[in-house]
Amino acid sequence: MKVLVSGASVAGPSVALWLGRAGHDVTVVEIAPALRQGGYAVDFRGEVFTTVLDRMGVLSDLRSLQTGGNAMRFVDASGRQLMRLPAEFAGGDLEVLRADLSRVLYEHSHEQATYRFGDSIASLTEHADRVDVRFESGLEDTYDLVIGADGMHSVVRRLAWPKERVVERHLNYYVGGWEVPNTLGISGDSLMYNVPGKLASVSADRRDPGLAQTLFVFKSEELTYNRRDLDQQKAILRAHFDGLGWHVPELLKGLPAATELYFDSISRVSVDRWSTNRIVLLGDAGYGATFGALGTGTAVVGAYVLAGELAQAGGDFRAAFDRYEALLRKAVSTTQDGSRAGSFLAPATRFGLTARNRILDIPFFNNQMIKMAQKMSELIELPDYSVKEGKFVQE
């Protein structure tokens, strides 16, 4: 089949790799002009996720790039330690920078698919036998299937799903981050500073010790802004963090020069059904949550299951879409419930901050939270697909 995939971050290249191996004609379209270089470290927890990465042939490459994770040290305005979480709390079994993950997935899939950067889908017209697509560049083409793997703010979902079938829930927090010179000499632990409803954090860049990465989180009602306007997003961050102590003023000085700014709400999205006739959602586009919900791992597993079911269905893509959703929806809905990172990182009250620090400073509760995250990753029952002679086979 001729398949269009929207999005070249994680889910898109993952499904492109599998579909290309199975002999489909795959095009991946990505609005960014090139692979994105920004973003934080992402982690994979549990055997399910690492098994899929191994079957994809990317696990050894990713292990050579793993960061090992950073401990998180929460401090007061004077730098005094209030609480410290070990590296395994956030790092999982395998932690890599999102940019490295995207690059590895691209390198393993670009011979299986055609990548078109700097373009996006402008319209979708679905017919019984095809999907007509017009791109922002003016190009037009026809595809057998379209896969929306374009994240929480999916263009495919917006164009193909009526608003009443989509629930986008704002979880009352925003998150931002950018790169700054490491003038503070940060090394080792990530440093985390709180006031009620806000977090400012800085950690050394994993690739270049002369650079540092920031993480800013703040509680807010839903804001209206242009997602393509970096200056507007920078102004929002300055408005919420101007006047704070600790190292915040110095970190904000690096904001105007930032070209790779990450800024988004902490939200979750749900749709009543992951597919229409010939269009299907994958990863955050269909079942995403911004932070703390194993989204990267479920995107990789979802790509594997979707491609495997398409191969198993012998051309009956509707049956494949139904089976893909049946296998994953319950587990994914449960992991989405873990998307409470905002209230964890930036409790809204001083009492909440004190309670978090005291509870998680106790090793027993710390270990329980690590175990809970591990158990969530084991909820998915992984089908045993393989590829033989260009075809998927379920063993």
# chains A, B, ... in the order shown; residues from 1 in each chain; ligands from 1
call {"tool": "residues_around", "arguments": {"residues": "A:Tyr143", "least_positions_apart": "3", "cutoff": "8 Å", "atoms": "only C-alpha atoms", "output": "JSON, numbers by chain"}}
result
{"A": [1, 2, 3, 4, 130, 131, 132, 133, 146]}
call {"tool": "closest_atom_pairs", "arguments": {"of": "stretch 36-109 of chain A", "to": "stretch 6-9 of chain A", "cutoff": "9 Å", "atoms": "only C-alpha atoms", "output": "tab-separated table"}}
result
residue	atom	partner	partner_atom	distance
A:Arg36	CA	A:Ser9	CA	7.6
A:Arg98	CA	A:Ser9	CA	8.4
A:Ala99	CA	A:Ser9	CA	8.4
A:Leu101	CA	A:Ser9	CA	8.5
A:Ser102	CA	A:Ser9	CA	5.5
A:Arg103	CA	A:Ser9	CA	8.7
A:Leu105	CA	A:Ser9	CA	8.6
A:Tyr106	CA	A:Ala8	CA	7.9
call {"tool": "residues_around", "arguments": {"residues": "A:Gly210", "least_positions_apart": "3", "cutoff": "8 Å", "atoms": "only C-alpha atoms", "output": "list in words"}}
result
Pro181, Asn182, Thr183, Ala204 and Asp205 of chain A
call {"tool": "residues_around", "arguments": {"residues": "A:Thr125", "least_positions_apart": "2", "cutoff": "12 Å", "atoms": "only C-alpha atoms", "output": "VMD selection string"}}
result
chain A and resid 121 to 123 127 to 135 140 to 146 156 159 to 161 276 to 279
call {"tool": "atom_distance", "arguments": {"atom1": "atom CA of A:Val96", "atom2": "atom CA of A:Gly342"}}
result
21.7 Å
call {"tool": "residues_around", "arguments": {"residues": "A:Ser203", "least_positions_apart": "5", "cutoff": "10 Å", "atoms": "only C-alpha atoms", "output": "PDB file with N, CA and C atoms, in the first residue's frame"}}
result
ATOM      1  N   ASN A  70      20.134  11.421  35.513  1.00  0.00           N
ATOM      2  CA  ASN A  70      20.663  12.332  36.529  1.00  0.00           C
ATOM      3  C   ASN A  70      19.826  12.231  37.787  1.00  0.00           C
ATOM      4  N   ALA A  71      20.483  12.256  38.922  1.00  0.00           N
ATOM      5  CA  ALA A  71      19.739  12.429  40.161  1.00  0.00           C
ATOM      6  C   ALA A  71      19.155  13.835  40.175  1.00  0.00           C
ATOM      7  N   MET A  72      18.032  13.995  40.878  1.00  0.00           N
ATOM      8  CA  MET A  72      17.377  15.297  40.980  1.00  0.00           C
ATOM      9  C   MET A  72      17.521  15.812  42.406  1.00  0.00           C
ATOM     10  N   GLU A 179      18.241  25.824  25.952  1.00  0.00           N
ATOM     11  CA  GLU A 179      19.664  25.621  26.190  1.00  0.00           C
ATOM     12  C   GLU A 179      20.310  26.935  26.588  1.00  0.00           C
ATOM     13  N   ASN A 182      26.705  27.004  30.167  1.00  0.00           N
ATOM     14  CA  ASN A 182      26.825  26.466  31.529  1.00  0.00           C
ATOM     15  C   ASN A 182      27.736  27.351  32.373  1.00  0.00           C
ATOM     16  N   LEU A 184      27.103  28.448  35.217  1.00  0.00           N
ATOM     17  CA  LEU A 184      26.982  28.099  36.633  1.00  0.00           C
ATOM     18  C   LEU A 184      27.864  26.909  37.007  1.00  0.00           C
ATOM     19  N   GLY A 185      28.491  26.281  36.015  1.00  0.00           N
ATOM     20  CA  GLY A 185      29.358  25.136  36.293  1.00  0.00           C
ATOM     21  C   GLY A 185      28.590  23.921  36.798  1.00  0.00           C
ATOM     22  N   ILE A 186      27.395  23.700  36.269  1.00  0.00           N
ATOM     23  CA  ILE A 186      26.555  22.581  36.703  1.00  0.00           C
ATOM     24  C   ILE A 186      27.170  21.262  36.236  1.00  0.00           C
ATOM     25  N   SER A 187      27.220  20.294  37.122  1.00  0.00           N
ATOM     26  CA  SER A 187      27.640  18.935  36.771  1.00  0.00           C
ATOM     27  C   SER A 187      26.948  17.981  37.739  1.00  0.00           C
ATOM     28  N   GLY A 188      26.831  16.734  37.341  1.00  0.00           N
ATOM     29  CA  GLY A 188      26.208  15.774  38.247  1.00  0.00           C
ATOM     30  C   GLY A 188      24.708  15.974  38.339  1.00  0.00           C
ATOM     31  N   ASP A 189      24.205  16.162  39.553  1.00  0.00           N
ATOM     32  CA  ASP A 189      22.768  16.231  39.785  1.00  0.00           C
ATOM     33  C   ASP A 189      22.114  17.399  39.045  1.00  0.00           C
ATOM     34  N   SER A 190      20.880  17.160  38.594  1.00  0.00           N
ATOM     35  CA  SER A 190      20.037  18.270  38.161  1.00  0.00           C
ATOM     36  C   SER A 190      19.602  19.047  39.393  1.00  0.00           C
ATOM     37  N   LEU A 191      19.604  20.361  39.300  1.00  0.00           N
ATOM     38  CA  LEU A 191      19.202  21.208  40.420  1.00  0.00           C
ATOM     39  C   LEU A 191      17.786  21.705  40.188  1.00  0.00           C
ATOM     40  N   MET A 192      16.935  21.563  41.206  1.00  0.00           N
ATOM     41  CA  MET A 192      15.519  21.883  41.089  1.00  0.00           C
ATOM     42  C   MET A 192      15.139  22.873  42.192  1.00  0.00           C
ATOM     43  N   PRO A 209      29.545  19.658  28.105  1.00  0.00           N
ATOM     44  CA  PRO A 209      29.527  20.203  29.459  1.00  0.00           C
ATOM     45  C   PRO A 209      29.574  21.722  29.506  1.00  0.00           C
ATOM     46  N   LEU A 211      27.481  23.497  28.017  1.00  0.00           N
ATOM     47  CA  LEU A 211      26.097  23.918  27.896  1.00  0.00           C
ATOM     48  C   LEU A 211      25.265  23.331  29.020  1.00  0.00           C
ATOM     49  N   ALA A 212      24.130  23.928  29.268  1.00  0.00           N
ATOM     50  CA  ALA A 212      23.198  23.409  30.267  1.00  0.00           C
ATOM     51  C   ALA A 212      21.789  23.464  29.698  1.00  0.00           C
ATOM     52  N   GLN A 213      20.903  22.626  30.241  1.00  0.00           N
ATOM     53  CA  GLN A 213      19.510  22.572  29.812  1.00  0.00           C
ATOM     54  C   GLN A 213      18.615  23.016  30.964  1.00  0.00           C
ATOM     55  N   THR A 214      17.642  23.840  30.655  1.00  0.00           N
ATOM     56  CA  THR A 214      16.708  24.293  31.674  1.00  0.00           C
ATOM     57  C   THR A 214      15.394  23.537  31.570  1.00  0.00           C
ATOM     58  N   LEU A 215      14.664  23.513  32.666  1.00  0.00           N
ATOM     59  CA  LEU A 215      13.299  22.988  32.702  1.00  0.00           C
ATOM     60  C   LEU A 215      12.497  23.906  33.621  1.00  0.00           C
TER      61      LEU A 215
END
call {"tool": "residues_around", "arguments": {"residues": "stretch 267-270 of chain A", "least_positions_apart": "4", "cutoff": "12 Å", "atoms": "only C-alpha atoms", "output": "MDAnalysis selection string"}}
result
chainID A and resid 151:154 157:158 161 163:175 220:222 274 281:293 295 329 332:333 335:342
call {"tool": "select_by_dssp", "arguments": {"residues": "stretch 21-194 of chain A", "states": "alpha helix (DSSP H)", "output": "ChimeraX atom specification"}}
result
/A:21,47-56,59-65,87-91,98-109,155-160
call {"tool": "residues_around", "arguments": {"residues": "stretch 256-263 of chain A", "least_positions_apart": "5", "cutoff": "9 Å", "atoms": "only C-alpha atoms", "output": "PyMOL selection string"}}
result
chain A and resi 36-39+174-180+227+230-231+233-234+237
call {"tool": "write_last_selection", "arguments": {"atoms": "all heavy atoms", "output": "CSV table (one decimal), in the first residue's frame"}}
result
chain,number,residue,atom,x,y,z
A,36,ARG,N,14.5,17.5,14.6
A,36,ARG,CA,14.6,18.4,15.7
A,36,ARG,C,15.7,18.1,16.6
A,36,ARG,O,15.9,16.9,17.0
A,36,ARG,CB,13.2,18.4,16.5
A,36,ARG,CG,12.1,18.9,15.6
A,36,ARG,CD,10.8,18.8,16.4
A,36,ARG,NE,9.6,19.1,15.6
A,36,ARG,CZ,9.1,20.3,15.3
A,36,ARG,NH1,9.6,21.3,15.9
A,36,ARG,NH2,8.0,20.4,14.6
A,37,GLN,N,16.5,19.1,17.1
A,37,GLN,CA,17.6,18.9,17.9
A,37,GLN,C,17.3,19.1,19.4
A,37,GLN,O,18.1,18.7,20.2
A,37,GLN,CB,18.7,19.9,17.5
A,37,GLN,CG,19.2,19.6,16.1
A,37,GLN,CD,19.7,18.2,15.9
A,37,GLN,OE1,20.6,17.7,16.6
A,37,GLN,NE2,19.2,17.5,14.9
A,38,GLY,N,16.3,19.8,19.7
A,38,GLY,CA,16.0,20.1,21.1
A,38,GLY,C,15.3,18.9,21.8
A,38,GLY,O,15.2,17.8,21.3
A,39,GLY,N,14.8,19.2,23.0
A,39,GLY,CA,14.0,18.2,23.7
A,39,GLY,C,14.9,17.6,24.9
A,39,GLY,O,16.1,17.7,24.9
A,174,TYR,N,2.1,24.3,32.6
A,174,TYR,CA,2.9,24.4,31.3
A,174,TYR,C,4.3,24.1,31.6
A,174,TYR,O,4.8,24.2,32.8
A,174,TYR,CB,2.8,25.9,30.8
A,174,TYR,CG,1.4,26.1,30.1
A,174,TYR,CD1,0.3,26.4,30.9
A,174,TYR,CD2,1.3,26.0,28.7
A,174,TYR,CE1,-0.9,26.7,30.2
A,174,TYR,CE2,0.1,26.3,28.1
A,174,TYR,CZ,-1.0,26.6,28.8
A,174,TYR,OH,-2.2,26.8,28.2
A,175,VAL,N,5.0,23.7,30.6
A,175,VAL,CA,6.4,23.3,30.7
A,175,VAL,C,7.2,24.0,29.6
A,175,VAL,O,6.7,24.1,28.5
A,175,VAL,CB,6.6,21.8,30.7
A,175,VAL,CG1,6.0,21.2,29.4
A,175,VAL,CG2,8.1,21.4,30.9
A,176,GLY,N,8.4,24.4,29.9
A,176,GLY,CA,9.3,25.0,28.9
A,176,GLY,C,10.7,24.7,29.2
A,176,GLY,O,11.1,24.4,30.3
A,177,GLY,N,11.5,24.8,28.2
A,177,GLY,CA,13.0,24.5,28.4
A,177,GLY,C,13.8,25.0,27.2
A,177,GLY,O,13.3,25.1,26.1
A,178,TRP,N,15.0,25.4,27.5
A,178,TRP,CA,15.9,25.9,26.4
A,178,TRP,C,17.3,25.7,26.9
A,178,TRP,O,17.6,25.3,28.0
A,178,TRP,CB,15.6,27.3,26.2
A,178,TRP,CG,15.8,28.3,27.3
A,178,TRP,CD1,16.9,29.0,27.7
A,178,TRP,CD2,14.9,28.5,28.4
A,178,TRP,NE1,16.8,29.7,28.8
A,178,TRP,CE2,15.5,29.4,29.3
A,178,TRP,CE3,13.6,28.1,28.6
A,178,TRP,CZ2,14.8,29.9,30.4
A,178,TRP,CZ3,12.9,28.6,29.7
A,178,TRP,CH2,13.5,29.5,30.6
A,179,GLU,N,18.2,25.8,26.0
A,179,GLU,CA,19.7,25.6,26.2
A,179,GLU,C,20.3,26.9,26.6
A,179,GLU,O,20.0,28.0,26.0
A,179,GLU,CB,20.3,25.1,24.9
A,179,GLU,CG,21.8,24.7,25.0
A,179,GLU,CD,22.2,24.2,23.7
A,179,GLU,OE1,22.1,22.9,23.5
A,179,GLU,OE2,22.7,25.0,22.8
A,180,VAL,N,21.2,26.9,27.6
A,180,VAL,CA,22.0,28.1,28.0
A,180,VAL,C,23.5,27.7,28.2
A,180,VAL,O,23.8,26.5,28.3
A,180,VAL,CB,21.4,28.6,29.3
A,180,VAL,CG1,20.0,29.1,29.2
A,180,VAL,CG2,21.5,27.6,30.4
A,227,ARG,N,1.5,28.6,18.6
A,227,ARG,CA,2.5,27.6,18.8
A,227,ARG,C,3.8,27.7,17.9
A,227,ARG,O,4.8,27.1,18.1
A,227,ARG,CB,1.9,26.2,18.7
A,227,ARG,CG,0.9,25.9,19.7
A,227,ARG,CD,0.5,24.4,19.7
A,227,ARG,NE,1.6,23.6,20.0
A,227,ARG,CZ,2.3,22.8,19.2
A,227,ARG,NH1,2.0,22.8,17.9
A,227,ARG,NH2,3.3,22.1,19.6
A,230,LEU,N,7.8,31.8,18.7
A,230,LEU,CA,8.7,31.6,19.8
A,230,LEU,C,8.8,32.8,20.7
A,230,LEU,O,8.9,32.7,21.9
A,230,LEU,CB,10.1,31.3,19.3
A,230,LEU,CG,10.3,29.9,18.6
A,230,LEU,CD1,11.8,29.7,18.3
A,230,LEU,CD2,9.8,28.8,19.5
A,231,ASP,N,8.8,34.0,20.1
A,231,ASP,CA,8.8,35.2,20.9
A,231,ASP,C,7.6,35.3,21.9
A,231,ASP,O,7.8,35.7,23.0
A,231,ASP,CB,8.9,36.5,20.0
A,231,ASP,CG,10.2,36.6,19.3
A,231,ASP,OD1,11.2,36.0,19.8
A,231,ASP,OD2,10.2,37.2,18.2
A,233,GLN,N,6.0,32.8,23.1
A,233,GLN,CA,6.2,31.8,24.2
A,233,GLN,C,7.2,32.2,25.2
A,233,GLN,O,7.1,32.0,26.4
A,233,GLN,CB,6.5,30.5,23.5
A,233,GLN,CG,5.4,29.9,22.6
A,233,GLN,CD,5.9,28.8,21.8
A,233,GLN,OE1,6.6,27.9,22.2
A,233,GLN,NE2,5.4,28.8,20.5
A,234,LYS,N,8.3,32.9,24.7
A,234,LYS,CA,9.3,33.4,25.6
A,234,LYS,C,8.8,34.4,26.5
A,234,LYS,O,9.1,34.5,27.7
A,234,LYS,CB,10.5,33.9,24.8
A,234,LYS,CG,11.3,32.9,24.0
A,234,LYS,CD,12.3,33.5,23.2
A,234,LYS,CE,13.1,32.4,22.4
A,234,LYS,NZ,14.1,33.0,21.5
A,237,LEU,N,6.9,32.8,29.4
A,237,LEU,CA,7.8,32.3,30.4
A,237,LEU,C,8.4,33.4,31.3
A,237,LEU,O,8.4,33.3,32.5
A,237,LEU,CB,8.9,31.5,29.7
A,237,LEU,CG,8.5,30.1,29.2
A,237,LEU,CD1,9.5,29.6,28.2
A,237,LEU,CD2,8.4,29.1,30.4
call {"tool": "closest_residue", "arguments": {"among": "A:Asp264, A:Pro249, A:Gly197, A:Ser78", "to": "A:Tyr225", "atoms": "only C-alpha atoms"}}
result
A:Asp264
call {"tool": "closest_residue", "arguments": {"among": "A:Gly352, A:Pro33, A:Gly254, A:Gly23", "to": "A:Gly118", "atoms": "only C-alpha atoms"}}
result
A:Pro33
call {"tool": "closest_residue", "arguments": {"among": "A:Ala319, A:Ala235, A:Lys219, A:Met56", "to": "A:Tyr385", "atoms": "only C-alpha atoms"}}
result
A:Met56
call {"tool": "closest_residue", "arguments": {"among": "A:Val202, A:Arg323, A:Asn357, A:Thr224", "to": "A:Glu250", "atoms": "only C-alpha atoms"}}
result
A:Val202
call {"tool": "closest_residue", "arguments": {"among": "A:Leu251, A:Arg206, A:Tyr193, A:Arg350", "to": "A:Gly79", "atoms": "only C-alpha atoms"}}
result
A:Tyr193
call {"tool": "atom_distance", "arguments": {"atom1": "atom CA of A:Asp150", "atom2": "atom CA of A:His240"}}
result
28.6 Å
call {"tool": "select_by_dssp", "arguments": {"residues": "stretch 117-347 of chain A", "states": "strand (DSSP E)", "output": "ChimeraX atom specification"}}
result
/A:117,121-126,131-135,140-143,145-148,166-177,179-181,190-195,198-204,211-219,262-271,279-281
